[in-house]
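For reference, upload.txt is printed below; it contains compact mmCIF, C-alpha atoms.
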# COMPACT_ATOMS: atom_id res chain seq x y z
CA MET A 942 8.52 16.53 -2.51
CA VAL A 943 4.75 16.44 -1.97
CA ILE A 944 2.61 16.15 -5.12
CA VAL A 945 -1.12 16.86 -5.08
CA PRO A 946 -2.18 15.73 -8.57
CA THR A 947 -5.31 16.84 -10.35
CA GLY A 948 -7.37 15.05 -12.99
CA ALA A 949 -5.45 12.60 -15.15
CA LEU A 950 -2.22 13.37 -13.30
CA SER A 951 -3.47 11.10 -10.50
CA GLY A 952 -2.35 8.12 -12.57
CA VAL A 953 1.19 9.32 -13.32
CA PRO A 954 3.99 7.02 -12.03
CA TRP A 955 5.98 9.92 -10.58
CA SER A 956 8.71 7.63 -9.27
CA LEU A 957 9.71 6.87 -12.88
CA CYS A 958 10.32 10.51 -13.83
CA ASP A 959 14.04 11.13 -14.36
CA GLU A 960 13.90 14.48 -12.56
CA LEU A 961 12.50 12.81 -9.42
CA SER A 962 14.75 9.74 -9.40
CA GLY A 963 16.20 9.19 -5.95
CA LEU A 964 14.06 11.88 -4.33
CA PRO A 965 11.53 11.14 -1.56
CA VAL A 966 8.17 11.78 -3.26
CA VAL A 967 4.78 11.74 -1.56
CA VAL A 968 1.43 11.77 -3.38
CA ALA A 969 -1.63 13.10 -1.52
CA PRO A 970 -5.26 13.70 -2.56
CA SER A 971 -5.06 17.26 -1.22
CA ALA A 972 -2.90 19.52 0.93
CA LEU A 973 -5.39 19.05 3.77
CA ALA A 974 -5.18 15.25 3.39
CA TRP A 975 -1.39 15.45 3.59
CA MET A 976 -1.52 17.57 6.75
CA THR A 977 -4.08 15.20 8.31
CA ALA A 978 -1.88 12.21 7.46
CA GLN A 979 1.05 13.94 9.14
CA ARG A 980 -0.98 14.27 12.35
CA ASN A 981 -2.31 10.70 12.11
CA ARG A 982 1.21 9.33 11.73
CA ARG A 983 2.06 10.57 15.22
CA ALA A 984 -0.93 8.86 16.84
CA PRO A 985 -0.24 5.60 18.76
CA ALA A 986 -0.88 2.27 17.01
CA PHE A 987 -3.09 -0.46 18.45
CA GLY A 988 -1.20 -3.45 17.07
CA VAL A 989 2.59 -3.41 17.38
CA ALA A 990 3.59 -6.61 15.50
CA PRO A 991 3.85 -6.20 11.70
CA VAL A 992 1.14 -8.08 9.79
CA LEU A 993 2.22 -9.96 6.65
CA VAL A 994 -0.36 -11.51 4.32
CA ALA A 995 0.23 -13.78 1.30
CA GLY A 996 -2.65 -14.22 -1.12
CA PRO A 997 -3.28 -17.30 -3.29
CA ASP A 998 -2.16 -18.14 -6.84
CA LEU A 999 1.10 -16.19 -6.66
CA ASP A 1000 4.37 -18.08 -6.88
CA TYR A 1001 6.32 -15.41 -5.02
CA ALA A 1002 3.87 -14.29 -2.30
CA GLU A 1003 4.78 -16.68 0.52
CA ALA A 1004 8.51 -16.33 -0.19
CA GLU A 1005 8.09 -12.55 -0.12
CA VAL A 1006 6.31 -12.75 3.23
CA ARG A 1007 9.06 -14.96 4.67
CA THR A 1008 11.70 -12.49 3.48
CA VAL A 1009 9.89 -9.54 5.04
CA ALA A 1010 9.30 -11.54 8.25
CA ALA A 1011 13.04 -12.11 8.53
CA ILE A 1012 13.53 -8.33 8.43
CA HIS A 1013 10.79 -7.51 10.95
CA GLN A 1014 11.22 -9.95 13.82
CA GLY A 1015 8.03 -10.97 15.60
CA SER A 1016 5.77 -10.43 12.59
CA ARG A 1017 2.36 -12.04 12.39
CA GLU A 1018 2.14 -14.09 9.18
CA LEU A 1019 -1.12 -14.97 7.44
CA VAL A 1020 -0.31 -17.47 4.69
CA GLY A 1021 -2.06 -20.44 3.15
CA GLU A 1022 -5.38 -21.26 4.81
CA LYS A 1023 -4.84 -18.49 7.38
CA ALA A 1024 -5.00 -15.72 4.76
CA THR A 1025 -8.79 -15.28 4.87
CA VAL A 1026 -10.80 -12.10 4.50
CA GLU A 1027 -11.96 -12.03 8.12
CA ALA A 1028 -8.51 -12.86 9.53
CA THR A 1029 -6.92 -10.16 7.39
CA LEU A 1030 -9.48 -7.52 8.37
CA ALA A 1031 -9.02 -8.38 12.05
CA ALA A 1032 -5.24 -8.10 11.69
CA LEU A 1033 -5.50 -4.81 9.77
CA ASN A 1034 -7.46 -3.15 12.56
CA GLY A 1035 -5.09 -0.61 14.10
CA ALA A 1036 -1.93 -2.42 12.93
CA GLN A 1037 1.38 -0.54 12.93
CA LEU A 1038 2.65 -2.07 9.66
CA VAL A 1039 0.85 -4.25 7.11
CA HIS A 1040 2.34 -5.92 4.03
CA LEU A 1041 -0.15 -7.45 1.59
CA ALA A 1042 1.32 -9.68 -1.13
CA ALA A 1043 -1.75 -10.59 -3.15
CA HIS A 1044 -3.37 -10.17 -6.55
CA GLY A 1045 -5.05 -6.78 -6.76
CA HIS A 1046 -7.77 -5.55 -9.10
CA HIS A 1047 -8.74 -1.93 -9.70
CA GLU A 1048 -12.34 -1.47 -10.86
CA ARG A 1049 -12.77 1.84 -12.66
CA GLU A 1050 -16.54 1.54 -13.05
CA ASN A 1051 -17.13 0.97 -9.34
CA VAL A 1052 -14.01 1.69 -7.33
CA LEU A 1053 -15.45 0.32 -4.08
CA PHE A 1054 -15.29 -3.09 -5.79
CA SER A 1055 -11.52 -2.79 -6.18
CA ARG A 1056 -10.18 -5.79 -4.31
CA LEU A 1057 -7.41 -8.05 -3.10
CA ASP A 1058 -7.66 -11.80 -3.68
CA LEU A 1059 -7.38 -13.80 -0.46
CA ARG A 1060 -7.71 -17.49 0.34
CA ASP A 1061 -11.51 -17.54 0.70
CA GLY A 1062 -12.44 -14.71 -1.63
CA PRO A 1063 -11.90 -11.01 -2.28
CA LEU A 1064 -11.21 -8.30 0.28
CA MET A 1065 -13.20 -5.41 -1.20
CA ALA A 1066 -12.40 -1.73 -0.81
CA TYR A 1067 -15.77 -1.25 0.88
CA ASP A 1068 -14.84 -3.90 3.49
CA LEU A 1069 -12.28 -1.48 4.89
CA GLN A 1070 -15.15 0.60 6.28
CA ARG A 1071 -15.67 -2.15 8.86
CA LEU A 1072 -12.37 -1.37 10.57
CA GLU A 1073 -12.63 0.42 13.90
CA LEU A 1074 -9.10 1.82 13.70
CA ALA A 1075 -7.10 2.49 10.54
CA PRO A 1076 -3.78 0.68 10.10
CA ARG A 1077 -0.80 3.03 10.30
CA HIS A 1078 1.33 1.91 7.35
CA VAL A 1079 0.09 -0.36 4.55
CA VAL A 1080 2.22 -1.81 1.74
CA LEU A 1081 0.27 -3.18 -1.22
CA SER A 1082 2.65 -5.44 -3.09
CA ALA A 1083 -0.01 -6.06 -5.73
CA CYS A 1084 -0.89 -5.05 -9.28
CA ASP A 1085 -1.83 -1.39 -9.83
CA LEU A 1086 -3.85 -0.81 -6.64
CA GLY A 1087 -2.50 2.71 -6.53
CA GLN A 1088 -4.75 3.54 -9.47
CA SER A 1089 -7.71 5.80 -8.87
CA VAL A 1090 -10.72 7.36 -10.54
CA VAL A 1091 -11.10 11.13 -10.22
CA ARG A 1092 -14.65 12.44 -9.78
CA SER A 1093 -15.92 16.02 -9.82
CA GLY A 1094 -14.04 18.22 -7.39
CA ASP A 1095 -10.89 16.14 -7.94
CA GLU A 1096 -12.03 13.52 -5.40
CA ILE A 1097 -9.75 10.51 -5.74
CA LEU A 1098 -11.34 7.06 -5.35
CA GLY A 1099 -9.87 3.55 -5.25
CA PHE A 1100 -8.38 0.94 -2.89
CA THR A 1101 -5.45 3.14 -1.89
CA ALA A 1102 -7.71 6.18 -1.50
CA ALA A 1103 -10.10 4.12 0.66
CA LEU A 1104 -7.25 3.47 3.09
CA LEU A 1105 -6.22 7.14 3.10
CA TYR A 1106 -9.77 8.34 3.72
CA LEU A 1107 -10.09 5.75 6.49
CA GLY A 1108 -7.17 7.47 8.23
CA THR A 1109 -4.14 5.38 7.23
CA PRO A 1110 -1.23 7.87 7.17
CA THR A 1111 0.97 5.98 4.70
CA VAL A 1112 0.14 3.63 1.82
CA ILE A 1113 2.70 2.17 -0.57
CA SER A 1114 1.18 0.92 -3.83
CA SER A 1115 1.78 0.89 -7.57
CA VAL A 1116 -0.08 2.66 -10.36
CA THR A 1117 0.94 0.18 -13.09
CA PRO A 1118 1.61 -3.57 -13.15
CA ILE A 1119 5.13 -4.47 -11.99
CA PRO A 1120 7.08 -7.67 -12.83
CA ASP A 1121 7.18 -10.09 -9.90
CA ASP A 1122 10.96 -10.12 -9.62
CA VAL A 1123 11.14 -6.32 -9.61
CA ALA A 1124 8.40 -6.07 -6.98
CA ALA A 1125 10.15 -8.61 -4.75
CA HIS A 1126 13.46 -6.76 -5.08
CA VAL A 1127 11.92 -3.37 -4.29
CA MET A 1128 9.88 -4.70 -1.36
CA THR A 1129 12.92 -6.33 0.23
CA GLY A 1130 14.94 -3.14 -0.07
CA TYR A 1131 12.04 -1.05 1.18
CA HIS A 1132 11.48 -3.05 4.34
CA ARG A 1133 15.20 -3.13 5.11
CA GLU A 1134 15.23 0.65 5.02
CA ILE A 1135 12.08 0.88 7.16
CA ALA A 1136 13.68 -1.45 9.72
CA ARG A 1137 16.65 0.94 9.84
CA GLY A 1138 14.32 3.81 10.71
CA THR A 1139 14.19 5.45 7.27
CA GLN A 1140 10.97 7.35 6.57
CA PRO A 1141 8.67 5.65 4.01
CA ALA A 1142 9.10 8.06 1.06
CA ALA A 1143 12.88 8.06 1.44
CA ALA A 1144 12.94 4.27 1.91
CA LEU A 1145 10.95 3.80 -1.30
CA ALA A 1146 13.22 6.13 -3.26
CA ILE A 1147 16.24 4.10 -2.17
CA ALA A 1148 14.59 0.75 -2.91
CA CYS A 1149 13.38 1.81 -6.38
CA GLU A 1150 16.67 3.31 -7.52
CA GLY A 1151 17.79 1.70 -10.77
CA GLN A 1152 14.48 -0.19 -11.23
CA GLU A 1153 13.02 1.27 -14.42
CA SER A 1154 9.64 -0.49 -14.11
CA ALA A 1155 9.08 0.10 -10.39
CA SER A 1156 6.05 2.42 -10.31
CA PHE A 1157 5.49 2.14 -6.55
CA LEU A 1158 4.43 5.42 -4.96
CA CYS A 1159 4.21 6.63 -1.38
CA PHE A 1160 0.71 7.97 -0.72
CA GLY A 1161 -0.34 9.98 2.33
CA SER A 1162 2.20 11.42 4.72
CA GLY A 1163 5.53 10.01 3.56

structure tokens encoding of this file:
Amino acid sequence: MVIVPTGALSGVPWSLCDELSGLPVVVAPSALAWMTAQRNRRAPAFGVAPVLVAGPDLDYAEAEVRTVAAIHQGSRELVGEKATVEATLAALNGAQLVHLAAHGHHERENVLFSRLDLRDGPLMAYDLQRLELAPRHVVLSACDLGQSVVRSGDEILGFTAALLYLGTPTVISSVTPIPDDVAAHVMTGYHREIARGTQPAAALAIACEGQESASFLCFGSG
């Protein structure tokens, strides 16, 4: 199911609706954006190795990265002192798959200041404009970075939207805070399904099944 929300519906955690439980659900800013994401998904990626980043001040982040790395052999891990803004941006450029386990902050008053906390400071939404090639598939295992602000004309703005407008076909993020243990459980299940060849929206539906607080959504192409 593809949902193109309008107005306040952009903040609805659709994955928690009983009627949609277990169904592959994709959220897109517009029908045109969904069609564009479908085309972008078929384009070749620049970086083949998955990129896994663990931000600071999170007890679970490095363990989560190690778990995901065990699923995707040959992953490039940025943890500890390596998880800097510049190193992360360089790794994001054209990457096939990116998993970001870091504190996230959504700024409603100025959405381009929405950010991820990394070792040497914040990665801002506006920093993404420096990328030459959009990453293909980004997983934001962080607090509510799927949130957005809707301007006139139903334009959706925020960290997730910045990635979509950049050309990233698929973004997985949450629209509400999620308990650490639930996020870790869902992310492990999600990446196992992706490694099996399951499409992102279907993989997320499987991973979130039975998790009542898992508000992760699949944005873009699905």

- d(CA of Ser1114 (chain A), CA of Leu1033 (chain A)) in Å: 16.2 Å

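The space between CA of Gly963 (chain A) and CA of Ala1002 (chain A) spans 26.8 Å.
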
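Using only C-alpha atoms, the protein and nucleic acid residues lying no more than 10 Å from Leu964 (chain A), apart from those fewer than 4 places from it along its own chain, are Met942, Ser956, Glu960, Ala1142, Ala1143, Ala1144, Leu1145, Ala1146, Ile1147 and Glu1150 of chain A.
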
- Nearest to Ala1032 (chain A), restricted to only C-alpha atoms and choosing among A:His1046, A:His1132, A:Arg1017, A:Arg1060, comes out as A:Arg1017

- Message: What's the separation between CA of Trp975 (chain A) and CA of Ile1119 (chain A), in Å to one decimal place?
- Response: 26.1 Å

- Message: So that I can see what lies close to Tyr1001 (chain A), please list as JSON, numbers by chain the residues with an atom at most 12 Å from it, counting all atoms listed in the file and leaving out residues fewer than 2 positions away in the same chain.
- Response: {"A": [995, 996, 997, 998, 999, 1003, 1004, 1005, 1006, 1007, 1008, 1020, 1042, 1043, 1044, 1082, 1083, 1120, 1121, 1122, 1123, 1124, 1125, 1126, 1128]}

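With distances restricted to all atoms listed in the file, A:Ala1103 is the closest residue to Tyr1067 (chain A) from A:Ile1012, A:Ala1103, A:Ala974, A:Val966.
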
- A:Gln1140, A:Gly1163, A:Pro1118, A:Ala1036: which is nearest Pro954 (chain A), counting all atoms listed in the file? A:Pro1118

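When all atoms listed in the file are used to compute distances to Thr1117 (chain A), the closest of the residues A:Thr977, A:Ser1154, A:Thr1029, A:Thr947 turns out to be A:Ser1154.
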
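When all atoms listed in the file are used to measure the gap to Ala1011 (chain A), the shortest distance among A:Ala1155, A:Gly1045, A:Pro1076, A:Ala1136 belongs to A:Ala1136.
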
Give me the residues of region 1022-1071 of chain A that have any atom at most 12 Å from an atom of region 1105-1113 of chain A; for each, the nearest atom pair and the distance in Å, rounded to one decimal. Use all atoms listed in the file, sort by chain and number, and format it as a tab-separated table.
residue	atom	partner	partner_atom	distance
A:Leu1033	CA	A:Thr1109	CA	10.6
A:Asn1034	CA	A:Thr1109	CA	10.6
A:Gly1035	CA	A:Thr1109	CA	9.2
A:Ala1036	CA	A:Thr1109	CA	9.9
A:Gln1037	CA	A:Thr1109	CA	9.9
A:Leu1038	CA	A:Thr1111	CA	9.6
A:Val1039	CA	A:Val1112	CA	9.5
A:His1040	CA	A:Ile1113	CA	9.3
A:Leu1041	CA	A:Ile1113	CA	10.3
A:Ala1042	CA	A:Ile1113	CA	11.9
A:Ala1066	CA	A:Leu1107	CA	10.7
A:Tyr1067	CA	A:Leu1107	CA	10.6
A:Asp1068	CA	A:Leu1107	CA	11.2
A:Leu1069	CA	A:Leu1107	CA	7.7
A:Gln1070	CA	A:Leu1107	CA	7.2
A:Arg1071	CA	A:Leu1107	CA	10.0

Could you give me the axis-aligned bounding box of region 1134-1139 of chain A, with 5 Å of padding per side, as centre plus edge lengths in Å to one decimal, as lines of an AutoDock Vina configuration file?
center_x = 14.4
center_y = 2.0
center_z = 7.9
size_x = 14.6
size_y = 16.9
size_z = 15.7

- Note on the structure: Using only C-alpha atoms, the residue out of A:Ile944, A:Ser1115, A:Ser971, A:Phe1100 with shortest distance to Phe1054 (chain A) is A:Phe1100
